[in-house]
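Novice: So that we are looking at the same thing, I have put the structure below in structure tokens.
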There are 2 protein chains.
Amino acid sequence: MESERPDLGAMVMRLGRRLIAMEEPILARHDVTMWGYVVLNALRGSRTVRTQAALAQSIGADKTRLIPTLDDLQKRGLIERETDPADRRVRLLRLTEKGVQKQRAIQREIRTAENDLLASIDDREAFVRALRDLG
Amino acid sequence: MESERPDLGAMVMRLGRRLIAMEEPILARHDVTMWGYVVLNALRGSRTVRTQAALAQSIGADKTRLIPTLDDLQKRGLIERETDPADRRVRLLRLTEKGVQKQRAIQREIRTAENDLLASIDDREAFVRALRDLG
DNA sequence: TATTGTTATACTCTATAACTATA
DNA sequence: TATAGTTATAGAGTATAACAATA
């Protein structure tokens, strides 16, 4: 019998805010914004070079609000942005080696912090699996 | 062995957005905003009358951004706001009977929708319990 | 002087529209 | 003409500062 509890949405958003708060100091130490980290993650998986429009869509962002982030990441040598010779309107994106290292370093720290946070959960794998399935 | 997965924060926020999207049409049908519903929920549990400042703190909101919400709920007869005779600076808040009914009706619909969404999860109670503990 | 509630202002974030360069 | 990327503008949401009433 399930006792009274807050709505699922309230609990999930609360946990989400807690996780974001946990990540923020890590990102700050690496001098990367949340959007910057999201971009690094999106480019890591698919070594496939992508256009900015495709990237924006894949992370559910407007293409215009990605541009300052891409400018910054490029300026700092974490990504490369080159004109597609086959269609000079398009910019092909990819992580530099430095960008790959940065993404790995940040994610490693975040995973460690996640593990601490999940320590109290009985069956962590089941919990994570459920979260994944519900996405 | 846990296969590669997105960060916990990304998965949780994604699920959170999905739940919000699920709730929004329900709230719209009842002509209540998300903030309005949060206030109704906060006042439901504690029949204890509260001040606006206490309410704001309990839901993690700034006191100033609650005021338009309270004005609206009061105008529509869902809450009462009366001056505390013991300290005339303070407004005591409580749900009206109409407000209680409204909160119940909305939550009932949300719970039904949550159940549909959780249908695919193996051990739902464990999942909900974990979410609760992590809050 | 400090505090509750309120209003007015400023700031941040995001989306919309307008521009360029290619196709 | 249509599209990728960019820039400029406007809108929503939120926080900050200032105010009136009361303690």
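Chain lettering (A, B, ...) mirrors the order of the structure tokens, residue numbering begins at 1 for each chain separately, and ligand numbering begins at 1 in order of display.
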Would you mind listing what lies within 12 Å of A:Thr83 as number ranges by chain, with only C-alpha atoms (C1' of nucleotides) counted and same-chain residues fewer than 4 positions away left out?

Specialist: A: 49-52, 87-94; C: 22; D: 4-5

Novice: Keeping only N, CA, C and O atoms (P, O5', C5', C4', C3', O3' and C1' of nucleotides), take the residues you just selected and write them out as a PDB file, in the first residue's frame.

Specialist:
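Final output, saved to part_24.pdb:
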ATOM      1  N   VAL A  49      30.291  13.761 -37.662  1.00  0.00           N
ATOM      2  CA  VAL A  49      30.208  15.217 -37.651  1.00  0.00           C
ATOM      3  C   VAL A  49      28.776  15.638 -37.889  1.00  0.00           C
ATOM      4  O   VAL A  49      28.032  14.994 -38.616  1.00  0.00           O
ATOM      5  N   ARG A  50      28.372  16.728 -37.247  1.00  0.00           N
ATOM      6  CA  ARG A  50      26.987  17.161 -37.322  1.00  0.00           C
ATOM      7  C   ARG A  50      26.930  18.625 -37.712  1.00  0.00           C
ATOM      8  O   ARG A  50      27.864  19.376 -37.471  1.00  0.00           O
ATOM      9  N   THR A  51      25.802  19.009 -38.198  1.00  0.00           N
ATOM     10  CA  THR A  51      25.586  20.433 -38.444  1.00  0.00           C
ATOM     11  C   THR A  51      25.047  21.061 -37.170  1.00  0.00           C
ATOM     12  O   THR A  51      24.572  20.378 -36.280  1.00  0.00           O
ATOM     13  N   GLN A  52      25.100  22.373 -37.096  1.00  0.00           N
ATOM     14  CA  GLN A  52      24.601  23.052 -35.909  1.00  0.00           C
ATOM     15  C   GLN A  52      23.104  22.837 -35.747  1.00  0.00           C
ATOM     16  O   GLN A  52      22.611  22.703 -34.637  1.00  0.00           O
ATOM     17  N   ASP A  87      28.786  21.678 -49.050  1.00  0.00           N
ATOM     18  CA  ASP A  87      27.702  22.649 -48.929  1.00  0.00           C
ATOM     19  C   ASP A  87      28.176  23.761 -48.009  1.00  0.00           C
ATOM     20  O   ASP A  87      28.110  23.646 -46.791  1.00  0.00           O
ATOM     21  N   ARG A  88      28.630  24.808 -48.619  1.00  0.00           N
ATOM     22  CA  ARG A  88      29.335  25.835 -47.850  1.00  0.00           C
ATOM     23  C   ARG A  88      28.444  26.607 -46.880  1.00  0.00           C
ATOM     24  O   ARG A  88      28.934  27.458 -46.131  1.00  0.00           O
ATOM     25  N   ARG A  89      27.154  26.284 -46.855  1.00  0.00           N
ATOM     26  CA  ARG A  89      26.298  26.909 -45.842  1.00  0.00           C
ATOM     27  C   ARG A  89      26.464  26.233 -44.484  1.00  0.00           C
ATOM     28  O   ARG A  89      26.217  26.825 -43.441  1.00  0.00           O
ATOM     29  N   VAL A  90      26.890  24.998 -44.517  1.00  0.00           N
ATOM     30  CA  VAL A  90      26.874  24.153 -43.325  1.00  0.00           C
ATOM     31  C   VAL A  90      28.200  24.170 -42.571  1.00  0.00           C
ATOM     32  O   VAL A  90      29.264  24.218 -43.180  1.00  0.00           O
ATOM     33  N   ARG A  91      28.109  24.138 -41.221  1.00  0.00           N
ATOM     34  CA  ARG A  91      29.318  24.005 -40.392  1.00  0.00           C
ATOM     35  C   ARG A  91      29.338  22.599 -39.801  1.00  0.00           C
ATOM     36  O   ARG A  91      28.399  22.184 -39.126  1.00  0.00           O
ATOM     37  N   LEU A  92      30.436  21.903 -40.033  1.00  0.00           N
ATOM     38  CA  LEU A  92      30.593  20.566 -39.454  1.00  0.00           C
ATOM     39  C   LEU A  92      31.272  20.692 -38.092  1.00  0.00           C
ATOM     40  O   LEU A  92      32.279  21.370 -37.949  1.00  0.00           O
ATOM     41  N   LEU A  93      30.708  20.008 -37.110  1.00  0.00           N
ATOM     42  CA  LEU A  93      31.193  20.127 -35.734  1.00  0.00           C
ATOM     43  C   LEU A  93      31.880  18.852 -35.301  1.00  0.00           C
ATOM     44  O   LEU A  93      31.434  17.759 -35.637  1.00  0.00           O
ATOM     45  N   ARG A  94      32.928  18.988 -34.524  1.00  0.00           N
ATOM     46  CA  ARG A  94      33.487  17.814 -33.863  1.00  0.00           C
ATOM     47  C   ARG A  94      34.351  18.237 -32.680  1.00  0.00           C
ATOM     48  O   ARG A  94      34.895  19.317 -32.627  1.00  0.00           O
TER      49      ARG A  94
ATOM     50  P    DT C  22      29.245  32.602 -48.896  1.00  0.00           P
ATOM     51  O5'  DT C  22      28.627  31.826 -50.124  1.00  0.00           O
ATOM     52  C5'  DT C  22      28.713  30.444 -50.132  1.00  0.00           C
ATOM     53  C4'  DT C  22      27.364  29.777 -49.911  1.00  0.00           C
ATOM     54  C3'  DT C  22      26.985  28.867 -51.072  1.00  0.00           C
ATOM     55  O3'  DT C  22      27.453  27.573 -50.817  1.00  0.00           O
ATOM     56  C1'  DT C  22      25.107  29.957 -50.056  1.00  0.00           C
TER      57       DT C  22
ATOM     58  P    DA D   4      18.728  23.838 -43.118  1.00  0.00           P
ATOM     59  O5'  DA D   4      20.099  24.637 -42.942  1.00  0.00           O
ATOM     60  C5'  DA D   4      21.283  24.101 -43.525  1.00  0.00           C
ATOM     61  C4'  DA D   4      22.494  24.884 -43.044  1.00  0.00           C
ATOM     62  C3'  DA D   4      22.583  25.000 -41.524  1.00  0.00           C
ATOM     63  O3'  DA D   4      23.928  24.800 -41.099  1.00  0.00           O
ATOM     64  C1'  DA D   4      22.322  27.163 -42.506  1.00  0.00           C
ATOM     65  P    DG D   5      24.277  24.840 -39.559  1.00  0.00           P
ATOM     66  O5'  DG D   5      24.594  26.380 -39.347  1.00  0.00           O
ATOM     67  C5'  DG D   5      25.748  26.941 -39.947  1.00  0.00           C
ATOM     68  C4'  DG D   5      25.682  28.441 -39.855  1.00  0.00           C
ATOM     69  C3'  DG D   5      25.783  28.999 -38.426  1.00  0.00           C
ATOM     70  O3'  DG D   5      27.023  29.658 -38.287  1.00  0.00           O
ATOM     71  C1'  DG D   5      24.116  30.118 -39.737  1.00  0.00           C
TER      72       DG D   5
END

Novice: Against chain B, which residues of chain D fall within 9 Å? For each one I want the closest pair of atoms and the distance in Å (one decimal), counting only C-alpha atoms (C1' of nucleotides), rows by chain and increasing residue number, as JSON lines.

Specialist:
{"residue": "D:DT14", "atom": "C1'", "partner": "B:Arg65", "partner_atom": "CA", "distance": 7.7}
{"residue": "D:DA15", "atom": "C1'", "partner": "B:Asp62", "partner_atom": "CA", "distance": 7.9}
{"residue": "D:DA21", "atom": "C1'", "partner": "B:Arg89", "partner_atom": "CA", "distance": 7.0}
{"residue": "D:DT22", "atom": "C1'", "partner": "B:Arg89", "partner_atom": "CA", "distance": 5.5}
{"residue": "D:DA23", "atom": "C1'", "partner": "B:Asp87", "partner_atom": "CA", "distance": 7.6}

Novice: What is the distance between atom CA of A:Ser120 and atom CA of B:Met13, in Å to one decimal?

Specialist: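 That distance, rounded to one decimal, is 20.4 Å.
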
Novice: Taking only C-alpha atoms into account, which residues of chain A are within 10 Å of chain B, as a CSV table (one decimal) with N, CA and C atoms, in the first residue's frame?

Specialist:
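Wrote it out as part.csv, contents follow:
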chain,number,residue,atom,x,y,z
A,1,MET,N,0.8,-1.2,0.0
A,1,MET,CA,0.0,0.0,0.0
A,1,MET,C,0.9,1.2,0.0
A,2,GLU,N,0.6,2.1,-1.0
A,2,GLU,CA,1.5,3.3,-1.1
A,2,GLU,C,1.0,4.4,-0.3
A,5,ARG,N,2.0,10.7,-0.9
A,5,ARG,CA,3.3,11.2,-1.4
A,5,ARG,C,3.0,12.4,-2.3
A,6,PRO,N,4.1,13.2,-2.5
A,6,PRO,CA,3.9,14.3,-3.5
A,6,PRO,C,3.7,13.7,-4.9
A,7,ASP,N,3.2,14.5,-5.8
A,7,ASP,CA,3.1,14.1,-7.2
A,7,ASP,C,4.5,13.7,-7.7
A,8,LEU,N,4.5,12.7,-8.7
A,8,LEU,CA,5.7,12.3,-9.3
A,8,LEU,C,6.5,13.5,-9.9
A,9,GLY,N,5.8,14.4,-10.6
A,9,GLY,CA,6.5,15.5,-11.2
A,9,GLY,C,7.2,16.4,-10.1
A,10,ALA,N,6.6,16.6,-9.0
A,10,ALA,CA,7.2,17.4,-8.0
A,10,ALA,C,8.5,16.7,-7.5
A,11,MET,N,8.4,15.4,-7.2
A,11,MET,CA,9.5,14.6,-6.7
A,11,MET,C,10.7,14.6,-7.7
A,12,VAL,N,10.3,14.4,-9.0
A,12,VAL,CA,11.3,14.3,-10.0
A,12,VAL,C,12.0,15.6,-10.3
A,13,MET,N,11.2,16.7,-10.3
A,13,MET,CA,11.8,18.0,-10.5
A,13,MET,C,12.7,18.4,-9.3
A,14,ARG,N,12.3,18.0,-8.2
A,14,ARG,CA,13.1,18.3,-7.0
A,14,ARG,C,14.5,17.6,-7.0
A,15,LEU,N,14.4,16.3,-7.4
A,15,LEU,CA,15.6,15.6,-7.6
A,15,LEU,C,16.5,16.2,-8.7
A,16,GLY,N,15.8,16.6,-9.7
A,16,GLY,CA,16.6,17.2,-10.9
A,16,GLY,C,17.3,18.4,-10.4
A,17,ARG,N,16.6,19.3,-9.7
A,17,ARG,CA,17.3,20.5,-9.2
A,17,ARG,C,18.5,20.1,-8.3
A,18,ARG,N,18.3,19.1,-7.5
A,18,ARG,CA,19.4,18.7,-6.6
A,18,ARG,C,20.6,18.2,-7.4
A,19,LEU,N,20.3,17.5,-8.5
A,19,LEU,CA,21.4,17.0,-9.3
A,19,LEU,C,22.1,18.1,-10.0
A,20,ILE,N,21.3,19.1,-10.5
A,20,ILE,CA,21.9,20.2,-11.2
A,20,ILE,C,22.8,21.0,-10.2
A,21,ALA,N,22.3,21.2,-9.0
A,21,ALA,CA,23.1,21.9,-8.0
A,21,ALA,C,24.4,21.1,-7.7
A,22,MET,N,24.3,19.8,-7.8
A,22,MET,CA,25.5,19.0,-7.5
A,22,MET,C,26.5,19.2,-8.7
A,23,GLU,N,26.0,19.3,-9.9
A,23,GLU,CA,26.9,19.4,-11.0
A,23,GLU,C,27.5,20.8,-11.2
A,38,VAL,N,26.5,20.0,-22.2
A,38,VAL,CA,25.5,19.3,-23.0
A,38,VAL,C,26.0,19.1,-24.4
A,41,ASN,N,28.8,16.6,-24.6
A,41,ASN,CA,28.2,15.2,-24.5
A,41,ASN,C,27.6,14.8,-25.8
A,107,GLN,N,32.7,14.3,-16.8
A,107,GLN,CA,31.8,13.2,-16.6
A,107,GLN,C,32.3,12.3,-15.5
A,110,ILE,N,31.3,13.8,-12.3
A,110,ILE,CA,29.9,13.8,-12.1
A,110,ILE,C,29.4,12.4,-11.7
A,111,ARG,N,30.0,11.4,-12.3
A,111,ARG,CA,29.6,10.0,-12.0
A,111,ARG,C,29.9,9.7,-10.5
A,114,GLU,N,27.4,11.3,-8.4
A,114,GLU,CA,26.1,10.6,-8.5
A,114,GLU,C,26.2,9.3,-7.6
A,115,ASN,N,27.3,8.7,-7.7
A,115,ASN,CA,27.4,7.4,-6.8
A,115,ASN,C,27.2,7.7,-5.4
A,117,LEU,N,25.4,10.2,-4.2
A,117,LEU,CA,24.0,10.5,-4.0
A,117,LEU,C,23.1,9.3,-4.0
A,118,LEU,N,23.5,8.3,-4.8
A,118,LEU,CA,22.6,7.1,-5.0
A,118,LEU,C,22.9,6.1,-3.9
A,119,ALA,N,23.9,6.4,-3.0
A,119,ALA,CA,24.4,5.4,-2.1
A,119,ALA,C,23.2,4.8,-1.2
A,120,SER,N,22.2,5.6,-0.9
A,120,SER,CA,21.2,5.1,0.0
A,120,SER,C,20.1,4.3,-0.7
A,121,ILE,N,20.2,4.2,-2.0
A,121,ILE,CA,19.1,3.5,-2.8
A,121,ILE,C,19.4,2.0,-2.8
A,122,ASP,N,18.3,1.2,-2.5
A,122,ASP,CA,18.4,-0.3,-2.4
A,122,ASP,C,19.0,-0.9,-3.7
A,123,ASP,N,18.2,-0.8,-4.8
A,123,ASP,CA,18.5,-1.4,-6.0
A,123,ASP,C,18.8,-0.3,-7.0
A,124,ARG,N,20.0,0.1,-7.1
A,124,ARG,CA,20.4,1.2,-7.9
A,124,ARG,C,20.2,0.9,-9.4
A,125,GLU,N,20.6,-0.3,-9.8
A,125,GLU,CA,20.5,-0.6,-11.2
A,125,GLU,C,19.1,-0.5,-11.7
A,126,ALA,N,18.2,-1.0,-10.9
A,126,ALA,CA,16.8,-1.0,-11.2
A,126,ALA,C,16.3,0.4,-11.3
A,127,PHE,N,16.7,1.3,-10.4
A,127,PHE,CA,16.3,2.7,-10.4
A,127,PHE,C,16.8,3.4,-11.7
A,128,VAL,N,18.1,3.2,-12.0
A,128,VAL,CA,18.6,3.8,-13.2
A,128,VAL,C,17.9,3.3,-14.4
A,129,ARG,N,17.7,2.0,-14.5
A,129,ARG,CA,17.0,1.4,-15.6
A,129,ARG,C,15.6,2.0,-15.8
A,130,ALA,N,14.9,2.2,-14.7
A,130,ALA,CA,13.6,2.7,-14.8
A,130,ALA,C,13.6,4.2,-15.3
A,131,LEU,N,14.6,4.9,-14.8
A,131,LEU,CA,14.8,6.3,-15.3
A,131,LEU,C,15.0,6.3,-16.8
A,132,ARG,N,15.9,5.4,-17.2
A,132,ARG,CA,16.2,5.3,-18.6
A,132,ARG,C,15.0,5.0,-19.5
A,133,ASP,N,14.3,4.0,-19.0
A,133,ASP,CA,13.1,3.6,-19.8
A,133,ASP,C,12.1,4.7,-19.9
A,134,LEU,N,11.9,5.5,-18.9
A,134,LEU,CA,10.9,6.5,-18.9
A,134,LEU,C,11.3,7.7,-19.7
A,135,GLY,N,12.6,7.8,-20.1
A,135,GLY,CA,13.0,8.9,-20.9
A,135,GLY,C,12.4,8.8,-22.3

Novice: Dump as a list of chain:residue names the residues of chain C that approach chain A to within 12 Å, counting only C-alpha atoms (C1' of nucleotides).

Specialist: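 Here they are: C:DC13, C:DT14, C:DA15, C:DT16, C:DA17, C:DT20, C:DA21, C:DT22, C:DA23.
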
Novice: Residues at most 7 Å from stretch 96-100 of chain A, counting only C-alpha atoms (C1' of nucleotides), excluding those fewer than 5 positions away in the same chain, as a count of residues only?

Specialist: 5

Novice: Do a neighbour search on D:DA18 at 12 Å with only C-alpha atoms (C1' of nucleotides), toss out local chain neighbours closer than 4 positions, and write the hits as a PyMOL selection string.

Specialist: chain C and resi 6-9

Novice: Selection from above, C-alpha atoms (C1' of nucleotides), as a PDB file, in the first residue's frame, can you write it?

Specialist:
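Contents of the output file again13.pdb:
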ATOM      1  C1'  DT C   6       3.256  44.857  -1.896  1.00  0.00           C
ATOM      2  C1'  DT C   7       4.731  47.338  -6.059  1.00  0.00           C
ATOM      3  C1'  DA C   8       8.160  48.870  -9.395  1.00  0.00           C
ATOM      4  C1'  DT C   9      12.390  48.081 -11.637  1.00  0.00           C
TER       5       DT C   9
END

Novice: Write down as a PyMOL selection string the residues of chain B whose backbone DSSP state falls under strand (DSSP E).

Specialist: chain B and resi 79-83+91-95

Novice: What are the DSSP alpha helix (DSSP H) residues of chain A, as a ChimeraX atom specification?

Specialist: /A:8-29,34-45,52-58,63-75,97-118,124-134

Novice: Keeping only C-alpha atoms, take the residues you just selected and write them out as an mmCIF file, in the first residue's frame.

Specialist:
data_model
loop_
_atom_site.group_PDB
_atom_site.id
_atom_site.type_symbol
_atom_site.label_atom_id
_atom_site.label_comp_id
_atom_site.auth_asym_id
_atom_site.auth_seq_id
_atom_site.Cartn_x
_atom_site.Cartn_y
_atom_site.Cartn_z
ATOM 1 C CA LEU A 8 5.699 12.309 -9.301
ATOM 2 C CA GLY A 9 6.461 15.522 -11.173
ATOM 3 C CA ALA A 10 7.228 17.379 -7.968
ATOM 4 C CA MET A 11 9.548 14.646 -6.715
ATOM 5 C CA VAL A 12 11.346 14.267 -10.022
ATOM 6 C CA MET A 13 11.840 17.994 -10.525
ATOM 7 C CA ARG A 14 13.101 18.305 -6.981
ATOM 8 C CA LEU A 15 15.649 15.568 -7.552
ATOM 9 C CA GLY A 16 16.566 17.184 -10.853
ATOM 10 C CA ARG A 17 17.313 20.496 -9.162
ATOM 11 C CA ARG A 18 19.391 18.682 -6.600
ATOM 12 C CA LEU A 19 21.428 16.978 -9.313
ATOM 13 C CA ILE A 20 21.941 20.239 -11.186
ATOM 14 C CA ALA A 21 23.106 21.883 -7.982
ATOM 15 C CA MET A 22 25.527 19.004 -7.524
ATOM 16 C CA GLU A 23 26.902 19.389 -11.039
ATOM 17 C CA GLU A 24 27.307 23.127 -11.023
ATOM 18 C CA PRO A 25 30.449 23.400 -8.897
ATOM 19 C CA ILE A 26 32.073 20.653 -10.981
ATOM 20 C CA LEU A 27 31.280 22.486 -14.195
ATOM 21 C CA ALA A 28 32.458 25.764 -12.684
ATOM 22 C CA ARG A 29 35.815 24.215 -11.783
ATOM 23 C CA MET A 34 25.678 23.533 -18.461
ATOM 24 C CA TRP A 35 24.938 24.154 -22.138
ATOM 25 C CA GLY A 36 28.604 23.748 -22.957
ATOM 26 C CA TYR A 37 28.654 20.379 -21.214
ATOM 27 C CA VAL A 38 25.471 19.306 -22.989
ATOM 28 C CA VAL A 39 27.149 20.107 -26.305
ATOM 29 C CA LEU A 40 30.326 18.235 -25.402
ATOM 30 C CA ASN A 41 28.209 15.208 -24.476
ATOM 31 C CA ALA A 42 26.171 15.375 -27.661
ATOM 32 C CA LEU A 43 29.291 15.534 -29.820
ATOM 33 C CA ARG A 44 31.088 12.789 -27.923
ATOM 34 C CA GLY A 45 28.732 9.944 -28.702
ATOM 35 C CA GLN A 52 24.601 23.052 -35.909
ATOM 36 C CA ALA A 53 20.954 22.607 -36.800
ATOM 37 C CA ALA A 54 21.139 18.855 -36.235
ATOM 38 C CA LEU A 55 22.938 19.388 -32.938
ATOM 39 C CA ALA A 56 20.349 21.903 -31.780
ATOM 40 C CA GLN A 57 17.535 19.540 -32.587
ATOM 41 C CA SER A 58 19.211 16.564 -30.934
ATOM 42 C CA LYS A 63 19.695 26.928 -32.910
ATOM 43 C CA THR A 64 20.161 30.576 -31.982
ATOM 44 C CA ARG A 65 20.851 29.992 -28.343
ATOM 45 C CA LEU A 66 23.566 27.477 -29.130
ATOM 46 C CA ILE A 67 25.735 29.922 -31.011
ATOM 47 C CA PRO A 68 27.360 31.767 -28.106
ATOM 48 C CA THR A 69 28.106 28.379 -26.547
ATOM 49 C CA LEU A 70 29.699 27.081 -29.736
ATOM 50 C CA ASP A 71 31.692 30.310 -30.118
ATOM 51 C CA ASP A 72 33.089 29.882 -26.649
ATOM 52 C CA LEU A 73 33.909 26.181 -26.990
ATOM 53 C CA GLN A 74 35.630 26.819 -30.298
ATOM 54 C CA LYS A 75 37.611 29.788 -29.008
ATOM 55 C CA GLU A 97 41.204 15.850 -28.539
ATOM 56 C CA LYS A 98 41.203 18.496 -25.836
ATOM 57 C CA GLY A 99 37.427 18.522 -25.955
ATOM 58 C CA VAL A 100 37.269 14.756 -25.586
ATOM 59 C CA GLN A 101 39.525 14.928 -22.524
ATOM 60 C CA LYS A 102 37.473 17.726 -21.021
ATOM 61 C CA GLN A 103 34.219 15.837 -21.467
ATOM 62 C CA ARG A 104 35.713 12.726 -19.917
ATOM 63 C CA ALA A 105 37.162 14.576 -16.958
ATOM 64 C CA ILE A 106 33.887 16.316 -16.172
ATOM 65 C CA GLN A 107 31.786 13.207 -16.579
ATOM 66 C CA ARG A 108 34.106 11.215 -14.370
ATOM 67 C CA GLU A 109 33.612 13.671 -11.538
ATOM 68 C CA ILE A 110 29.872 13.817 -12.070
ATOM 69 C CA ARG A 111 29.582 10.031 -11.973
ATOM 70 C CA THR A 112 31.481 9.937 -8.721
ATOM 71 C CA ALA A 113 29.147 12.501 -7.198
ATOM 72 C CA GLU A 114 26.138 10.583 -8.536
ATOM 73 C CA ASN A 115 27.366 7.438 -6.848
ATOM 74 C CA ASP A 116 27.531 9.227 -3.517
ATOM 75 C CA LEU A 117 24.049 10.532 -4.008
ATOM 76 C CA LEU A 118 22.634 7.135 -4.959
ATOM 77 C CA ARG A 124 20.382 1.249 -7.919
ATOM 78 C CA GLU A 125 20.503 -0.581 -11.208
ATOM 79 C CA ALA A 126 16.757 -1.008 -11.241
ATOM 80 C CA PHE A 127 16.303 2.658 -10.404
ATOM 81 C CA VAL A 128 18.601 3.820 -13.170
ATOM 82 C CA ARG A 129 17.030 1.384 -15.621
ATOM 83 C CA ALA A 130 13.583 2.732 -14.803
ATOM 84 C CA LEU A 131 14.754 6.302 -15.300
ATOM 85 C CA ARG A 132 16.231 5.345 -18.606
ATOM 86 C CA ASP A 133 13.111 3.550 -19.798
ATOM 87 C CA LEU A 134 10.911 6.481 -18.855
#

Novice: I'd like the interatomic distance between atom CA of B:Arg76 and atom CA of B:Val32, to a tenth of an Å.

Specialist: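 Computing it gives 10.4 Å between the two atoms.
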